[in-house]
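This is target-v1.cif. It holds mmCIF, N, CA and C atoms.
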data_data
#
loop_
_atom_site.label_atom_id
_atom_site.label_comp_id
_atom_site.auth_asym_id
_atom_site.auth_seq_id
_atom_site.Cartn_x
_atom_site.Cartn_y
_atom_site.Cartn_z
N MET A 1241 -9.19 32.46 -4.22
CA MET A 1241 -10.61 32.35 -4.05
C MET A 1241 -11.08 33.45 -3.11
N GLY A 1242 -12.30 33.85 -3.29
CA GLY A 1242 -12.87 34.84 -2.41
C GLY A 1242 -12.55 36.25 -2.85
N CYS A 1243 -12.72 37.18 -1.92
CA CYS A 1243 -12.51 38.60 -2.21
C CYS A 1243 -12.28 39.33 -0.90
N PRO A 1244 -11.33 40.26 -0.87
CA PRO A 1244 -11.05 40.97 0.38
C PRO A 1244 -12.01 42.13 0.67
N PHE A 1245 -12.91 42.42 -0.23
CA PHE A 1245 -13.81 43.55 -0.06
C PHE A 1245 -15.15 43.11 0.52
N THR A 1246 -15.93 44.05 0.98
CA THR A 1246 -17.22 43.73 1.61
C THR A 1246 -18.36 44.50 0.95
N CYS A 1247 -18.46 44.41 -0.35
CA CYS A 1247 -19.51 45.11 -1.08
C CYS A 1247 -20.87 44.55 -0.68
N SER A 1248 -21.82 45.42 -0.39
CA SER A 1248 -23.12 44.99 0.10
C SER A 1248 -23.94 44.24 -0.95
N PHE A 1249 -23.65 44.44 -2.23
CA PHE A 1249 -24.42 43.82 -3.30
C PHE A 1249 -23.85 42.49 -3.78
N CYS A 1250 -22.71 42.09 -3.24
CA CYS A 1250 -21.97 40.95 -3.79
C CYS A 1250 -22.31 39.64 -3.08
N ALA A 1251 -22.49 38.59 -3.86
CA ALA A 1251 -22.80 37.26 -3.32
C ALA A 1251 -21.56 36.56 -2.78
N VAL A 1252 -20.38 37.01 -3.15
CA VAL A 1252 -19.14 36.36 -2.72
C VAL A 1252 -18.85 36.64 -1.25
N VAL A 1253 -19.23 37.81 -0.76
CA VAL A 1253 -18.92 38.23 0.61
C VAL A 1253 -19.39 37.21 1.65
N PRO A 1254 -20.65 36.80 1.66
CA PRO A 1254 -21.06 35.84 2.70
C PRO A 1254 -20.44 34.45 2.53
N ILE A 1255 -20.08 34.10 1.34
CA ILE A 1255 -19.50 32.78 1.09
C ILE A 1255 -18.08 32.70 1.64
N TYR A 1256 -17.27 33.71 1.37
CA TYR A 1256 -15.86 33.70 1.77
C TYR A 1256 -15.55 34.62 2.94
N GLU A 1257 -16.54 35.27 3.50
CA GLU A 1257 -16.38 36.14 4.66
C GLU A 1257 -15.28 37.19 4.44
N ALA A 1258 -15.28 37.80 3.27
CA ALA A 1258 -14.33 38.87 2.92
C ALA A 1258 -12.88 38.43 3.05
N ARG A 1259 -12.62 37.20 2.71
CA ARG A 1259 -11.25 36.69 2.69
C ARG A 1259 -10.89 36.33 1.26
N TRP A 1260 -9.62 36.43 0.96
CA TRP A 1260 -9.16 36.12 -0.38
C TRP A 1260 -7.86 35.36 -0.31
N LYS A 1261 -7.75 34.31 -1.12
CA LYS A 1261 -6.52 33.54 -1.20
C LYS A 1261 -6.22 33.32 -2.67
N GLY A 1262 -5.10 33.81 -3.10
CA GLY A 1262 -4.72 33.67 -4.50
C GLY A 1262 -3.84 32.46 -4.74
N LYS A 1263 -3.69 32.10 -6.00
CA LYS A 1263 -2.78 31.03 -6.40
C LYS A 1263 -1.70 31.64 -7.27
N SER A 1264 -0.52 31.09 -7.17
CA SER A 1264 0.58 31.56 -7.99
C SER A 1264 0.40 31.08 -9.43
N ALA A 1265 1.07 31.75 -10.36
CA ALA A 1265 1.00 31.35 -11.76
C ALA A 1265 1.45 29.90 -11.96
N PRO A 1266 2.56 29.45 -11.34
CA PRO A 1266 2.95 28.04 -11.51
C PRO A 1266 1.90 27.06 -10.99
N LEU A 1267 1.21 27.41 -9.92
CA LEU A 1267 0.18 26.51 -9.39
C LEU A 1267 -1.04 26.47 -10.30
N ILE A 1268 -1.40 27.60 -10.88
CA ILE A 1268 -2.50 27.62 -11.85
C ILE A 1268 -2.14 26.76 -13.05
N TYR A 1269 -0.91 26.91 -13.52
CA TYR A 1269 -0.43 26.09 -14.65
C TYR A 1269 -0.53 24.60 -14.30
N LYS A 1270 -0.08 24.25 -13.10
CA LYS A 1270 -0.12 22.84 -12.66
C LYS A 1270 -1.56 22.31 -12.66
N ASP A 1271 -2.49 23.12 -12.19
CA ASP A 1271 -3.90 22.72 -12.17
C ASP A 1271 -4.44 22.51 -13.59
N ILE A 1272 -4.09 23.41 -14.48
CA ILE A 1272 -4.55 23.30 -15.88
C ILE A 1272 -3.95 22.06 -16.54
N LYS A 1273 -2.67 21.84 -16.31
CA LYS A 1273 -2.00 20.66 -16.90
C LYS A 1273 -2.64 19.38 -16.38
N TYR A 1274 -2.97 19.34 -15.09
CA TYR A 1274 -3.63 18.18 -14.51
C TYR A 1274 -4.96 17.91 -15.20
N LEU A 1275 -5.75 18.96 -15.40
CA LEU A 1275 -7.05 18.80 -16.05
C LEU A 1275 -6.90 18.28 -17.48
N LYS A 1276 -5.88 18.78 -18.16
CA LYS A 1276 -5.64 18.32 -19.54
C LYS A 1276 -5.20 16.86 -19.55
N ASP A 1277 -4.22 16.53 -18.71
CA ASP A 1277 -3.67 15.17 -18.70
C ASP A 1277 -4.66 14.14 -18.17
N LYS A 1278 -5.38 14.47 -17.12
CA LYS A 1278 -6.27 13.51 -16.46
C LYS A 1278 -7.61 13.36 -17.18
N PHE A 1279 -8.16 14.48 -17.68
CA PHE A 1279 -9.50 14.45 -18.23
C PHE A 1279 -9.58 14.84 -19.71
N GLY A 1280 -8.45 15.18 -20.31
CA GLY A 1280 -8.45 15.57 -21.71
C GLY A 1280 -9.05 16.94 -21.97
N ALA A 1281 -9.04 17.81 -20.97
CA ALA A 1281 -9.61 19.15 -21.13
C ALA A 1281 -8.92 19.88 -22.29
N ASN A 1282 -9.71 20.55 -23.10
CA ASN A 1282 -9.13 21.30 -24.22
C ASN A 1282 -9.47 22.79 -24.16
N ALA A 1283 -10.08 23.21 -23.06
CA ALA A 1283 -10.40 24.63 -22.87
C ALA A 1283 -10.48 24.92 -21.37
N VAL A 1284 -10.17 26.15 -21.02
CA VAL A 1284 -10.24 26.58 -19.63
C VAL A 1284 -10.88 27.96 -19.58
N GLU A 1285 -11.77 28.15 -18.64
CA GLU A 1285 -12.37 29.47 -18.41
C GLU A 1285 -11.97 29.92 -17.01
N PHE A 1286 -11.66 31.18 -16.89
CA PHE A 1286 -11.34 31.74 -15.58
C PHE A 1286 -12.53 32.56 -15.09
N HIS A 1287 -13.05 32.20 -13.95
CA HIS A 1287 -14.13 32.95 -13.30
C HIS A 1287 -13.57 33.41 -11.96
N ASP A 1288 -12.76 34.43 -12.02
CA ASP A 1288 -12.05 34.89 -10.83
C ASP A 1288 -12.00 36.41 -10.84
N ASN A 1289 -12.61 37.02 -9.87
CA ASN A 1289 -12.64 38.48 -9.79
C ASN A 1289 -11.25 39.08 -9.68
N LYS A 1290 -10.29 38.32 -9.21
CA LYS A 1290 -8.94 38.84 -8.98
C LYS A 1290 -7.90 38.25 -9.93
N PHE A 1291 -8.33 37.60 -11.00
CA PHE A 1291 -7.36 36.99 -11.92
C PHE A 1291 -6.39 38.01 -12.47
N LEU A 1292 -6.87 39.20 -12.74
CA LEU A 1292 -6.00 40.22 -13.32
C LEU A 1292 -5.21 40.97 -12.25
N ARG A 1293 -5.05 40.37 -11.08
CA ARG A 1293 -4.21 40.96 -10.06
C ARG A 1293 -2.75 40.90 -10.48
N PHE A 1294 -2.45 40.01 -11.43
CA PHE A 1294 -1.10 39.92 -11.97
C PHE A 1294 -0.71 41.25 -12.59
N ARG A 1295 0.53 41.61 -12.48
CA ARG A 1295 1.03 42.74 -13.25
C ARG A 1295 1.06 42.32 -14.71
N LYS A 1296 1.01 43.27 -15.61
CA LYS A 1296 0.93 42.97 -17.03
C LYS A 1296 2.05 42.03 -17.47
N LYS A 1297 3.27 42.30 -17.04
CA LYS A 1297 4.41 41.46 -17.44
C LYS A 1297 4.25 40.03 -16.93
N GLU A 1298 3.80 39.87 -15.67
CA GLU A 1298 3.59 38.53 -15.11
C GLU A 1298 2.48 37.80 -15.84
N LEU A 1299 1.40 38.51 -16.14
CA LEU A 1299 0.27 37.90 -16.84
C LEU A 1299 0.68 37.42 -18.22
N LEU A 1300 1.40 38.25 -18.97
CA LEU A 1300 1.85 37.85 -20.30
C LEU A 1300 2.80 36.66 -20.23
N SER A 1301 3.68 36.66 -19.25
CA SER A 1301 4.59 35.53 -19.07
C SER A 1301 3.81 34.25 -18.77
N PHE A 1302 2.81 34.35 -17.88
CA PHE A 1302 1.98 33.19 -17.54
C PHE A 1302 1.25 32.66 -18.76
N LEU A 1303 0.62 33.55 -19.51
CA LEU A 1303 -0.14 33.13 -20.69
C LEU A 1303 0.78 32.53 -21.74
N ASN A 1304 1.96 33.09 -21.92
CA ASN A 1304 2.92 32.53 -22.87
C ASN A 1304 3.37 31.15 -22.44
N SER A 1305 3.54 30.94 -21.13
CA SER A 1305 3.96 29.61 -20.67
C SER A 1305 2.87 28.59 -20.95
N LEU A 1306 1.61 28.98 -20.82
CA LEU A 1306 0.52 28.07 -21.14
C LEU A 1306 0.54 27.72 -22.62
N LYS A 1307 0.73 28.73 -23.43
CA LYS A 1307 0.73 28.52 -24.87
C LYS A 1307 1.85 27.59 -25.31
N MET A 1308 3.01 27.74 -24.70
CA MET A 1308 4.18 26.94 -25.10
C MET A 1308 4.16 25.53 -24.52
N LYS A 1309 3.69 25.38 -23.28
CA LYS A 1309 3.83 24.10 -22.59
C LYS A 1309 2.65 23.16 -22.75
N ILE A 1310 1.47 23.71 -22.98
CA ILE A 1310 0.29 22.82 -22.99
C ILE A 1310 -0.11 22.53 -24.43
#
Kindly transcribe the structure held in the file into structure tokens.
Amino acid sequence: MGCPFTCSFCAVVPIYEARWKGKSAPLIYKDIKYLKDKFGANAVEFHDNKFLRFRKKELLSFLNSLKMKI
């Protein structure tokens, strides 16, 4: 959550005070699985400026794990 940058035009800066905390791929998976199991969610949208901080190999591995497990 948040962002480490201090762009003057961005609404995120005052909310998170230029701090950023990421989640690991397994934790994101756990959150998605919880939403599916608890609430029957059938779609997920990512609204995260730093979601693509993953390296390409890690991102593909994460997405493949979602496809196979959920």
Would you kindly identify which residues have an atom no farther than 8 Å from (-6.9, 27.4, -21.6), using all atoms listed in the file and the file's own coordinates, and write them out as a PyMOL selection string? chain A and resi 1272+1281-1286+1306-1307
Quick one: distance from atom C of Leu1267 (chain A) to atom C of Phe1279 (chain A) in Å, one decimal?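 Here the two named atoms are 17.2 Å from each other.
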Given only C-alpha atoms as the counted atoms, nearest of A:Leu1303, A:Pro1254, A:Phe1245, A:Lys1278 to Pro1266 (chain A): A:Leu1303
Pairwise distance, CA of Ile1268 (chain A) with CA of Phe1302 (chain A), equals 9.1 Å
Determine which residues of chain A receive a DSSP assignment of alpha helix (DSSP H), computed from the backbone, and state them as number ranges by chain. A: 1252-1256, 1265-1279, 1296-1309
Would you output that residue set with N, CA and C atoms, as a compact mmCIF listing (two decimals), in the coordinates of the input?
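out.txt, written as the output of this step:
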# COMPACT_ATOMS: atom_id res chain seq x y z
N VAL A 1252 -20.38 37.01 -3.15
CA VAL A 1252 -19.14 36.36 -2.72
C VAL A 1252 -18.85 36.64 -1.25
N VAL A 1253 -19.23 37.81 -0.76
CA VAL A 1253 -18.92 38.23 0.61
C VAL A 1253 -19.39 37.21 1.65
N PRO A 1254 -20.65 36.80 1.66
CA PRO A 1254 -21.06 35.84 2.70
C PRO A 1254 -20.44 34.45 2.53
N ILE A 1255 -20.08 34.10 1.34
CA ILE A 1255 -19.50 32.78 1.09
C ILE A 1255 -18.08 32.70 1.64
N TYR A 1256 -17.27 33.71 1.37
CA TYR A 1256 -15.86 33.70 1.77
C TYR A 1256 -15.55 34.62 2.94
N ALA A 1265 1.07 31.75 -10.36
CA ALA A 1265 1.00 31.35 -11.76
C ALA A 1265 1.45 29.90 -11.96
N PRO A 1266 2.56 29.45 -11.34
CA PRO A 1266 2.95 28.04 -11.51
C PRO A 1266 1.90 27.06 -10.99
N LEU A 1267 1.21 27.41 -9.92
CA LEU A 1267 0.18 26.51 -9.39
C LEU A 1267 -1.04 26.47 -10.30
N ILE A 1268 -1.40 27.60 -10.88
CA ILE A 1268 -2.50 27.62 -11.85
C ILE A 1268 -2.14 26.76 -13.05
N TYR A 1269 -0.91 26.91 -13.52
CA TYR A 1269 -0.43 26.09 -14.65
C TYR A 1269 -0.53 24.60 -14.30
N LYS A 1270 -0.08 24.25 -13.10
CA LYS A 1270 -0.12 22.84 -12.66
C LYS A 1270 -1.56 22.31 -12.66
N ASP A 1271 -2.49 23.12 -12.19
CA ASP A 1271 -3.90 22.72 -12.17
C ASP A 1271 -4.44 22.51 -13.59
N ILE A 1272 -4.09 23.41 -14.48
CA ILE A 1272 -4.55 23.30 -15.88
C ILE A 1272 -3.95 22.06 -16.54
N LYS A 1273 -2.67 21.84 -16.31
CA LYS A 1273 -2.00 20.66 -16.90
C LYS A 1273 -2.64 19.38 -16.38
N TYR A 1274 -2.97 19.34 -15.09
CA TYR A 1274 -3.63 18.18 -14.51
C TYR A 1274 -4.96 17.91 -15.20
N LEU A 1275 -5.75 18.96 -15.40
CA LEU A 1275 -7.05 18.80 -16.05
C LEU A 1275 -6.90 18.28 -17.48
N LYS A 1276 -5.88 18.78 -18.16
CA LYS A 1276 -5.64 18.32 -19.54
C LYS A 1276 -5.20 16.86 -19.55
N ASP A 1277 -4.22 16.53 -18.71
CA ASP A 1277 -3.67 15.17 -18.70
C ASP A 1277 -4.66 14.14 -18.17
N LYS A 1278 -5.38 14.47 -17.12
CA LYS A 1278 -6.27 13.51 -16.46
C LYS A 1278 -7.61 13.36 -17.18
N PHE A 1279 -8.16 14.48 -17.68
CA PHE A 1279 -9.50 14.45 -18.23
C PHE A 1279 -9.58 14.84 -19.71
N LYS A 1296 1.01 43.27 -15.61
CA LYS A 1296 0.93 42.97 -17.03
C LYS A 1296 2.05 42.03 -17.47
N LYS A 1297 3.27 42.30 -17.04
CA LYS A 1297 4.41 41.46 -17.44
C LYS A 1297 4.25 40.03 -16.93
N GLU A 1298 3.80 39.87 -15.67
CA GLU A 1298 3.59 38.53 -15.11
C GLU A 1298 2.48 37.80 -15.84
N LEU A 1299 1.40 38.51 -16.14
CA LEU A 1299 0.27 37.90 -16.84
C LEU A 1299 0.68 37.42 -18.22
N LEU A 1300 1.40 38.25 -18.97
CA LEU A 1300 1.85 37.85 -20.30
C LEU A 1300 2.80 36.66 -20.23
N SER A 1301 3.68 36.66 -19.25
CA SER A 1301 4.59 35.53 -19.07
C SER A 1301 3.81 34.25 -18.77
N PHE A 1302 2.81 34.35 -17.88
CA PHE A 1302 1.98 33.19 -17.54
C PHE A 1302 1.25 32.66 -18.76
N LEU A 1303 0.62 33.55 -19.51
CA LEU A 1303 -0.14 33.13 -20.69
C LEU A 1303 0.78 32.53 -21.74
N ASN A 1304 1.96 33.09 -21.92
CA ASN A 1304 2.92 32.53 -22.87
C ASN A 1304 3.37 31.15 -22.44
N SER A 1305 3.54 30.94 -21.13
CA SER A 1305 3.96 29.61 -20.67
C SER A 1305 2.87 28.59 -20.95
N LEU A 1306 1.61 28.98 -20.82
CA LEU A 1306 0.52 28.07 -21.14
C LEU A 1306 0.54 27.72 -22.62
N LYS A 1307 0.73 28.73 -23.43
CA LYS A 1307 0.73 28.52 -24.87
C LYS A 1307 1.85 27.59 -25.31
N MET A 1308 3.01 27.74 -24.70
CA MET A 1308 4.18 26.94 -25.10
C MET A 1308 4.16 25.53 -24.52
N LYS A 1309 3.69 25.38 -23.28
CA LYS A 1309 3.83 24.10 -22.59
C LYS A 1309 2.65 23.16 -22.75
Atom pair CA of Lys1273 (chain A) / CA of Lys1297 (chain A): separation (Å): 21.8 Å
